[in-house]
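Heads up, the thing below is written out as structure tokens.
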Amino acid sequence: MTATAPTRPNQSKAWIKEVALVGGFALVFAVLIPLLIPVSRLQILGRFLSLAIVALGIDLVWGYTGLLSLGHGIFFALGGYALAMNLSLQLPKDVIPEFFGLYGVEDLPAFWEPFKSMPFTLLAVFVIPAAIAGLLGYVVFRNRIRGVYFSILTQAALVVFFNFFNGQQKLINGTNGLKTASAQLFGANVGSEGVQFKLYILTIVLLMGAYGLCRWLTSGRFGRLLIAIRDDEPRVRFSGYDPTAFKVLVFGMSGAIAGVAGALYTVQSGIVSPQYMDIAFSIEMVIWVAVGGRGTLVGAVLGALLVNWARVLLSERFPEVWLFFQGALFLIVVTVLPDGIIGWFRDGGINKARAFLGFPPKSRTFPAVDLDENIQREREMVDAAPPASGESR
Amino acid sequence: MSSPILDIQNVTVSFDGFKAINNLNLSLDPGELRVIIGPNGAGKTTFLDVITGKVQPSEGQVLFKGRNLRNTAEHKISRLGIGRKFQTPRVYFNLTPRENLELSYNRSKNLLSTLFQKPSAQDREELMRLLTIIGLAGKANVPASILSHGEKQWLEIGMLVAQSPDLLLVDEPVAGMTDEETERTGQLLISLAETHSIIVIEHDMEFVRQIARQVTVLHQGSVLCEGTMDQVQNDPRVIEVYLGEPQEEPA
């Protein structure tokens, strides 16, 4: 089981610490790393940071709410397509994207029209995935489909979307996808180093934003209710809450986050194609979160970065072993690290490693208990209460 | 007497032809503490499922404060003022007792207020008082998964009280409790009965004797007999189907 950080009223210091930590990491990524590695590598890192954003979305629904989605590729790709359509339309008036000519299409399909507008596109990047996720969620959750059936349904939806996008050459260039690398944005080439660097910084900012949003959603009463839904959904109903509404909202939010991630990934890869809705890719997203640690948020980011970095290292040298490695990784996580890397640390992993190597574990003390005002007040109340309720068990 | 708070009229529940509840009639007055006993499979838990909306009756109706509960979702029934404690303690294991209680205590349970509202200082004090009553003040901030069985039972009763329902449905509250815990649970229920209507389902006859005023015996989905503890205990039909031969009952 995942441990959840208890939130207490006097945790303002912990908040400041966390904000400082997140800000510190962002600065390292935004300032230090660009000094050390060339822009071509930075583009790869930027892609991984985009993937970390979708991992956050998965952690929100899976780690906290217990909904294992195997279809986040849908929302990821929708975000990517929305932005790519806008970029494909950065053309002189009355000129339509080149690929239409290949299929004999002469007029721009009507649903492309609104994507000429940048503000509309920026909204569509997260509103369309959120709406699709919300709708899918509503239908599924209202009918009380849960657990593995939910996972299967999300995967089935993924296959449907994949096949649709793959087959529609005349609408969205089918299996070839939409290329963004040579498109013009504000007078500059999207694939150019300057634009790519700005997109890298934007990715960091949005990753922080997504982290903040997830952190806010999962703390406080709403977050506790998500955990309650994960632990025992029928009980939540009998306490007077309607879990459907909460699950739809959180699934929609997760879809929106995935959409933003997909858009950022697309512009830093130079292409969006139905391959983003490949079944394996959506499962990989889940693996990143499992590796980093479910229900921790930090673990999702860490997992996405680590696994993808390992993939680059390994597949550059031994392209054939990467898939085996990924399978092994998943097996290791499931059997040895069920709570992922972060969960292992929180569970006293260092001590376990010491014990394994034959060192005595460090003794644990809890100074926070004596400093916590609430606990002090409670102790006084317990002492003052009649003996029946004050007994120690 | 005023009109009953709960009125169950000719309710039948059948699962694929098997009648778990068969033409059941029962009414409960406000402020009443009713104990329901019966052998395994008598339909006791299904009876609670019907009241809380988990199962729809095939026939008949359930009236709560005069309102028909048919086709009302579980969470709406809960908000009308019916609280339920399950047979095995159902608490949220990854939340602390304080957080468990807070979720139940919270009055505005819609999406937006759950997102934006924070418990007030007064709420926190009330929760603390409740934690002290259920004896969990010292463990308010540990995960509920590490509580003992008895503590989980008490926590769930606490969650029920926090919800402040008018009608409490309590399914086997003392299962797995020590004698002392059982005794205290009995006292708690009796004191709750001063301000709430309560239905308790229980197997432990010792405990039933401690708290019972009115007892209803269920058998094969219908009411076998109803009355005070003494009446019920001496009813030959009850002895036959449930209590066993008199010599086994040192009453």
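Scheme for the structure tokens: letters A, B, ... for chains in order shown; per-chain residue numbers from 1; ligand numbers from 1 in order shown.
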
Taking a cut-off of 12 Å and counting only C-alpha atoms, can you build a table that, for each residue of range 99-151 of chain A near range 177-197 of chain A, reports the nearest atom pair and how far apart they are in Å (one decimal), sorted by chain then residue number, as a Markdown table?
```
| residue | atom | partner | partner_atom | distance |
| --- | --- | --- | --- | --- |
| A:Phe99 | CA | A:Leu178 | CA | 8.9 |
| A:Phe100 | CA | A:Leu178 | CA | 11.2 |
| A:Met118 | CA | A:Leu185 | CA | 10.2 |
```

For the residues in the current selection, export C-alpha atoms as a tab-separated table (two decimals), in the first residue's frame.
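Saved file part-v4.tsv follows:
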```tsv
chain	number	residue	atom	x	y	z
A	99	PHE	CA	-0.64	16.30	-47.86
A	100	PHE	CA	-4.26	17.01	-48.79
A	118	MET	CA	-3.93	30.16	-32.07
```

Determine which residues of range 165-328 of chain A DSSP labels as alpha helix (DSSP H) from the backbone of this structure, then write them out as a PyMOL selection string. chain A and resi 165-167+169-172+193-218+220-238+243-269+279-292+298-317+322-328

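Proximity of A:Tyr265, A:Phe29, A:Phe48, A:Tyr211 to Arg311 in chain A, computed with only C-alpha atoms, is greatest for A:Phe48.
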
Distance CA of Lys85 in chain B-CA of Val35 in chain B, one decimal place?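 Answer for the CA of Lys85 in chain B to CA of Val35 in chain B separation: 14.2 Å.
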
Distance query Ser164 in chain B at most 10 Å, only C-alpha atoms, self and fewer than 2 positions along chain excluded, as an mmCIF file with N, CA and C atoms, in the first residue's frame:
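Writing done, so here's out-v7.cif:
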```cif
data_model
loop_
_atom_site.group_PDB
_atom_site.id
_atom_site.type_symbol
_atom_site.label_atom_id
_atom_site.label_comp_id
_atom_site.auth_asym_id
_atom_site.auth_seq_id
_atom_site.Cartn_x
_atom_site.Cartn_y
_atom_site.Cartn_z
ATOM 1 N N ARG B 79 -27.388 11.109 2.452
ATOM 2 C CA ARG B 79 -27.552 12.532 2.784
ATOM 3 C C ARG B 79 -28.909 12.814 3.417
ATOM 4 N N GLY B 81 -30.095 11.151 5.693
ATOM 5 C CA GLY B 81 -29.932 10.925 7.124
ATOM 6 C C GLY B 81 -29.946 9.464 7.529
ATOM 7 N N ILE B 82 -29.454 8.586 6.648
ATOM 8 C CA ILE B 82 -29.318 7.193 7.044
ATOM 9 C C ILE B 82 -27.837 6.840 6.989
ATOM 10 N N GLY B 83 -27.307 6.415 8.113
ATOM 11 C CA GLY B 83 -25.901 6.035 8.162
ATOM 12 C C GLY B 83 -25.790 4.547 8.354
ATOM 13 N N SER B 104 -16.478 11.963 6.737
ATOM 14 C CA SER B 104 -17.873 11.706 7.082
ATOM 15 C C SER B 104 -18.534 12.942 7.688
ATOM 16 N N TYR B 105 -17.731 13.667 8.466
ATOM 17 C CA TYR B 105 -18.276 14.799 9.216
ATOM 18 C C TYR B 105 -18.669 15.945 8.293
ATOM 19 N N ARG B 107 -20.139 18.450 5.906
ATOM 20 C CA ARG B 107 -21.567 18.544 5.604
ATOM 21 C C ARG B 107 -21.864 18.762 4.124
ATOM 22 N N GLY B 158 -17.581 5.732 14.800
ATOM 23 C CA GLY B 158 -17.313 7.171 14.883
ATOM 24 C C GLY B 158 -17.662 7.878 13.585
ATOM 25 N N MET B 159 -17.309 7.253 12.456
ATOM 26 C CA MET B 159 -17.627 7.848 11.150
ATOM 27 C C MET B 159 -19.131 7.985 10.983
ATOM 28 N N LEU B 160 -19.831 6.993 11.499
ATOM 29 C CA LEU B 160 -21.286 7.002 11.418
ATOM 30 C C LEU B 160 -21.863 8.162 12.215
ATOM 31 N N VAL B 161 -21.325 8.319 13.424
ATOM 32 C CA VAL B 161 -21.823 9.386 14.287
ATOM 33 C C VAL B 161 -21.467 10.742 13.678
ATOM 34 N N ALA B 162 -20.261 10.828 13.106
ATOM 35 C CA ALA B 162 -19.801 12.092 12.523
ATOM 36 C C ALA B 162 -20.750 12.554 11.427
ATOM 37 N N ASP B 166 -30.030 10.549 11.129
ATOM 38 C CA ASP B 166 -31.175 10.366 12.032
ATOM 39 C C ASP B 166 -31.381 8.897 12.334
ATOM 40 N N LEU B 167 -31.021 8.073 11.352
ATOM 41 C CA LEU B 167 -31.187 6.637 11.517
ATOM 42 C C LEU B 167 -29.837 5.961 11.333
ATOM 43 N N LEU B 168 -29.443 5.191 12.328
ATOM 44 C CA LEU B 168 -28.180 4.460 12.242
ATOM 45 C C LEU B 168 -28.472 2.987 12.009
ATOM 46 N N THR B 195 -30.507 10.168 21.084
ATOM 47 C CA THR B 195 -30.711 11.204 20.080
ATOM 48 C C THR B 195 -30.936 10.659 18.674
ATOM 49 N N HIS B 196 -30.791 9.349 18.484
ATOM 50 C CA HIS B 196 -30.941 8.783 17.144
ATOM 51 C C HIS B 196 -31.888 7.589 17.181
#
```

Residues of chain B that approach chain A to 8 Å or less, counting only C-alpha atoms: could you list each one with the shortest pair of atoms and its distance in Å to one decimal, rows by chain and increasing residue number, as a Markdown table?
```
| residue | atom | partner | partner_atom | distance |
| --- | --- | --- | --- | --- |
| B:Thr52 | CA | A:Phe238 | CA | 7.6 |
| B:Glu74 | CA | A:Arg237 | CA | 5.8 |
| B:His75 | CA | A:Gly240 | CA | 4.1 |
| B:Lys76 | CA | A:Gly240 | CA | 6.3 |
| B:Ile77 | CA | A:Gly240 | CA | 7.6 |
| B:Ser78 | CA | A:Gly240 | CA | 4.9 |
| B:Arg79 | CA | A:Gly240 | CA | 5.2 |
| B:Gly83 | CA | A:Phe238 | CA | 6.9 |
| B:Arg84 | CA | A:Phe238 | CA | 6.8 |
| B:Arg90 | CA | A:Arg235 | CA | 6.9 |
| B:Val91 | CA | A:Asp232 | CA | 7.7 |
| B:Tyr92 | CA | A:Ala228 | CA | 5.5 |
| B:Phe93 | CA | A:Asp231 | CA | 6.7 |
| B:Asn94 | CA | A:Ala3 | CA | 6.8 |
| B:Leu95 | CA | A:Arg224 | CA | 7.1 |
| B:Thr96 | CA | A:Pro6 | CA | 7.7 |
| B:Glu99 | CA | A:Arg224 | CA | 7.3 |
| B:Leu103 | CA | A:Leu225 | CA | 7.2 |
| B:Ser104 | CA | A:Ser239 | CA | 5.7 |
| B:Lys109 | CA | A:Tyr241 | CA | 5.7 |
| B:Asn110 | CA | A:Tyr241 | CA | 7.0 |
| B:Leu111 | CA | A:Phe246 | CA | 6.5 |
| B:Thr114 | CA | A:Phe222 | CA | 5.3 |
| B:Leu115 | CA | A:Phe222 | CA | 5.2 |
| B:Gln117 | CA | A:Arg221 | CA | 7.9 |
| B:Lys118 | CA | A:Arg221 | CA | 7.3 |
| B:Met128 | CA | A:Glu378 | CA | 7.6 |
| B:Thr132 | CA | A:Ser389 | CA | 6.6 |
| B:Ile133 | CA | A:Ser389 | CA | 6.7 |
| B:Ile134 | CA | A:Ser389 | CA | 7.0 |
| B:Gly135 | CA | A:Ser389 | CA | 4.4 |
| B:Leu136 | CA | A:Ser389 | CA | 7.8 |
| B:Ala137 | CA | A:Glu378 | CA | 6.0 |
| B:Gly138 | CA | A:Glu378 | CA | 6.5 |
| B:Asn141 | CA | A:Pro6 | CA | 7.3 |
| B:Gln163 | CA | A:Ser239 | CA | 7.2 |
```

Applying 8 Å and only C-alpha atoms, which residues near Gly60 in chain B remain after dropping the ones on its own chain fewer than 5 positions away? List them as a PyMOL selection string. chain B and resi 8-12+23

How would the residues just picked look written out with C-alpha atoms as an mmCIF file, in the first residue's frame?
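Once everything was written out, this is out26.cif:
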```cif
data_model
loop_
_atom_site.group_PDB
_atom_site.id
_atom_site.type_symbol
_atom_site.label_atom_id
_atom_site.label_comp_id
_atom_site.auth_asym_id
_atom_site.auth_seq_id
_atom_site.Cartn_x
_atom_site.Cartn_y
_atom_site.Cartn_z
ATOM 1 C CA ILE B 8 -40.938 -1.075 5.437
ATOM 2 C CA GLN B 9 -44.014 -2.270 3.623
ATOM 3 C CA ASN B 10 -44.344 -5.729 2.064
ATOM 4 C CA VAL B 11 -40.788 -5.715 0.784
ATOM 5 C CA THR B 12 -39.611 -8.675 -1.247
ATOM 6 C CA ASN B 23 -42.856 -9.896 2.205
#
```

Can you list, as a compact mmCIF listing (two decimals) with N, CA and C atoms, in the first residue's frame, all residues belonging to range 59-202 of chain B that DSSP tags as strand (DSSP E or B)?
```
# COMPACT_ATOMS: atom_id res chain seq x y z
N GLU B 59 -40.45 -6.02 -4.83
CA GLU B 59 -41.81 -5.56 -4.55
C GLU B 59 -41.78 -4.78 -3.25
N GLY B 60 -42.85 -4.01 -3.04
CA GLY B 60 -42.98 -3.29 -1.79
C GLY B 60 -42.18 -2.00 -1.79
N GLN B 61 -42.25 -1.29 -0.66
CA GLN B 61 -41.52 -0.03 -0.60
C GLN B 61 -40.96 0.25 0.78
N VAL B 62 -39.93 1.09 0.76
CA VAL B 62 -39.29 1.52 1.99
C VAL B 62 -39.56 3.01 2.13
N LEU B 63 -40.18 3.41 3.22
CA LEU B 63 -40.43 4.83 3.46
C LEU B 63 -39.54 5.29 4.60
N PHE B 64 -38.78 6.37 4.32
CA PHE B 64 -37.96 6.97 5.37
C PHE B 64 -38.49 8.37 5.61
N ARG B 67 -40.89 9.31 3.08
CA ARG B 67 -40.45 9.47 1.68
C ARG B 67 -40.06 8.12 1.11
N ASN B 68 -40.56 7.82 -0.06
CA ASN B 68 -40.24 6.55 -0.70
C ASN B 68 -38.80 6.56 -1.21
N ILE B 82 -29.45 8.59 6.65
CA ILE B 82 -29.32 7.19 7.04
C ILE B 82 -27.84 6.84 6.99
N GLY B 83 -27.31 6.41 8.11
CA GLY B 83 -25.90 6.04 8.16
C GLY B 83 -25.79 4.55 8.35
N ARG B 84 -24.71 3.96 7.79
CA ARG B 84 -24.60 2.52 7.87
C ARG B 84 -23.19 2.12 8.28
N LYS B 85 -23.14 1.17 9.19
CA LYS B 85 -21.87 0.56 9.55
C LYS B 85 -21.88 -0.87 9.05
N LEU B 167 -31.02 8.07 11.35
CA LEU B 167 -31.19 6.64 11.52
C LEU B 167 -29.84 5.96 11.33
N LEU B 168 -29.44 5.19 12.33
CA LEU B 168 -28.18 4.46 12.24
C LEU B 168 -28.47 2.99 12.01
N LEU B 169 -27.80 2.42 11.02
CA LEU B 169 -27.92 0.99 10.77
C LEU B 169 -26.57 0.37 11.12
N VAL B 170 -26.58 -0.50 12.08
CA VAL B 170 -25.30 -1.01 12.59
C VAL B 170 -25.29 -2.53 12.42
N ASP B 171 -24.38 -3.01 11.59
CA ASP B 171 -24.33 -4.44 11.29
C ASP B 171 -23.23 -5.10 12.11
N SER B 197 -32.39 7.23 16.03
CA SER B 197 -33.05 5.93 15.88
C SER B 197 -32.00 4.95 15.40
N ILE B 198 -32.01 3.76 15.97
CA ILE B 198 -30.94 2.83 15.64
C ILE B 198 -31.50 1.45 15.34
N ILE B 199 -30.96 0.81 14.31
CA ILE B 199 -31.21 -0.60 14.07
C ILE B 199 -29.87 -1.32 14.20
N VAL B 200 -29.83 -2.31 15.09
CA VAL B 200 -28.60 -3.07 15.28
C VAL B 200 -28.86 -4.51 14.85
N ILE B 201 -27.95 -5.04 14.05
CA ILE B 201 -28.01 -6.46 13.72
C ILE B 201 -26.92 -7.14 14.52
```

Which neighbours of range 70-72 of chain A fall inside 6 Å, counting only C-alpha atoms, when residues of the same chain fewer than 5 positions from it are skipped, and could you give them as a ChimeraX atom specification? /A:151,154-155,158,282-283

Output all heavy atoms for every residue in that selection, as a short mmCIF file (atom, residue, chain, number, x, y, z; two decimals), in the first residue's frame.
```
data_model
loop_
_atom_site.label_atom_id
_atom_site.label_comp_id
_atom_site.auth_asym_id
_atom_site.auth_seq_id
_atom_site.Cartn_x
_atom_site.Cartn_y
_atom_site.Cartn_z
N SER A 151 -9.84 -0.80 -17.06
CA SER A 151 -8.58 -0.80 -17.80
C SER A 151 -8.78 -1.34 -19.21
O SER A 151 -8.27 -0.78 -20.19
CB SER A 151 -7.54 -1.66 -17.08
OG SER A 151 -7.38 -1.23 -15.75
N THR A 154 -10.52 1.24 -21.39
CA THR A 154 -9.68 2.34 -21.84
C THR A 154 -8.78 1.87 -22.99
O THR A 154 -8.56 2.60 -23.95
CB THR A 154 -8.81 2.88 -20.70
OG1 THR A 154 -8.12 1.80 -20.07
CG2 THR A 154 -9.63 3.61 -19.67
N GLN A 155 -8.32 0.61 -22.87
CA GLN A 155 -7.47 0.10 -23.95
C GLN A 155 -8.28 -0.08 -25.24
O GLN A 155 -7.80 0.23 -26.33
CB GLN A 155 -6.83 -1.21 -23.54
CG GLN A 155 -5.73 -1.60 -24.50
CD GLN A 155 -4.86 -2.69 -23.94
OE1 GLN A 155 -5.28 -3.83 -23.89
NE2 GLN A 155 -3.67 -2.36 -23.50
N LEU A 158 -8.64 3.13 -26.86
CA LEU A 158 -7.37 3.48 -27.49
C LEU A 158 -7.28 2.86 -28.88
O LEU A 158 -6.89 3.51 -29.85
CB LEU A 158 -6.22 2.99 -26.61
CG LEU A 158 -4.80 3.30 -27.05
CD1 LEU A 158 -4.53 4.78 -26.89
CD2 LEU A 158 -3.79 2.50 -26.26
N SER A 282 1.08 3.47 -24.29
CA SER A 282 0.23 3.79 -23.14
C SER A 282 0.59 2.92 -21.94
O SER A 282 0.49 3.36 -20.80
CB SER A 282 -1.25 3.61 -23.49
OG SER A 282 -1.65 4.62 -24.37
N ILE A 283 0.98 1.68 -22.22
CA ILE A 283 1.38 0.81 -21.10
C ILE A 283 2.71 1.29 -20.52
O ILE A 283 2.90 1.28 -19.30
CB ILE A 283 1.46 -0.65 -21.58
CG1 ILE A 283 0.06 -1.14 -21.94
CG2 ILE A 283 2.08 -1.54 -20.51
CD1 ILE A 283 0.01 -2.52 -22.52
#
```

At what distance in Å, to one decimal, does CA of Leu306 in chain A lie from CA of Ile342 in chain A?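 Calculated distance between CA of Ile342 in chain A and CA of Leu306 in chain A is 12.5 Å.
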
Using only C-alpha atoms, determine which residues lie at most 12 Å from Glu183 in chain B, disregarding the query and same-chain residues fewer than 6 positions distant; provide the list as a PyMOL selection string. (chain A and resi 388) or (chain B and resi 173-174+177+189-190+204+206-211)
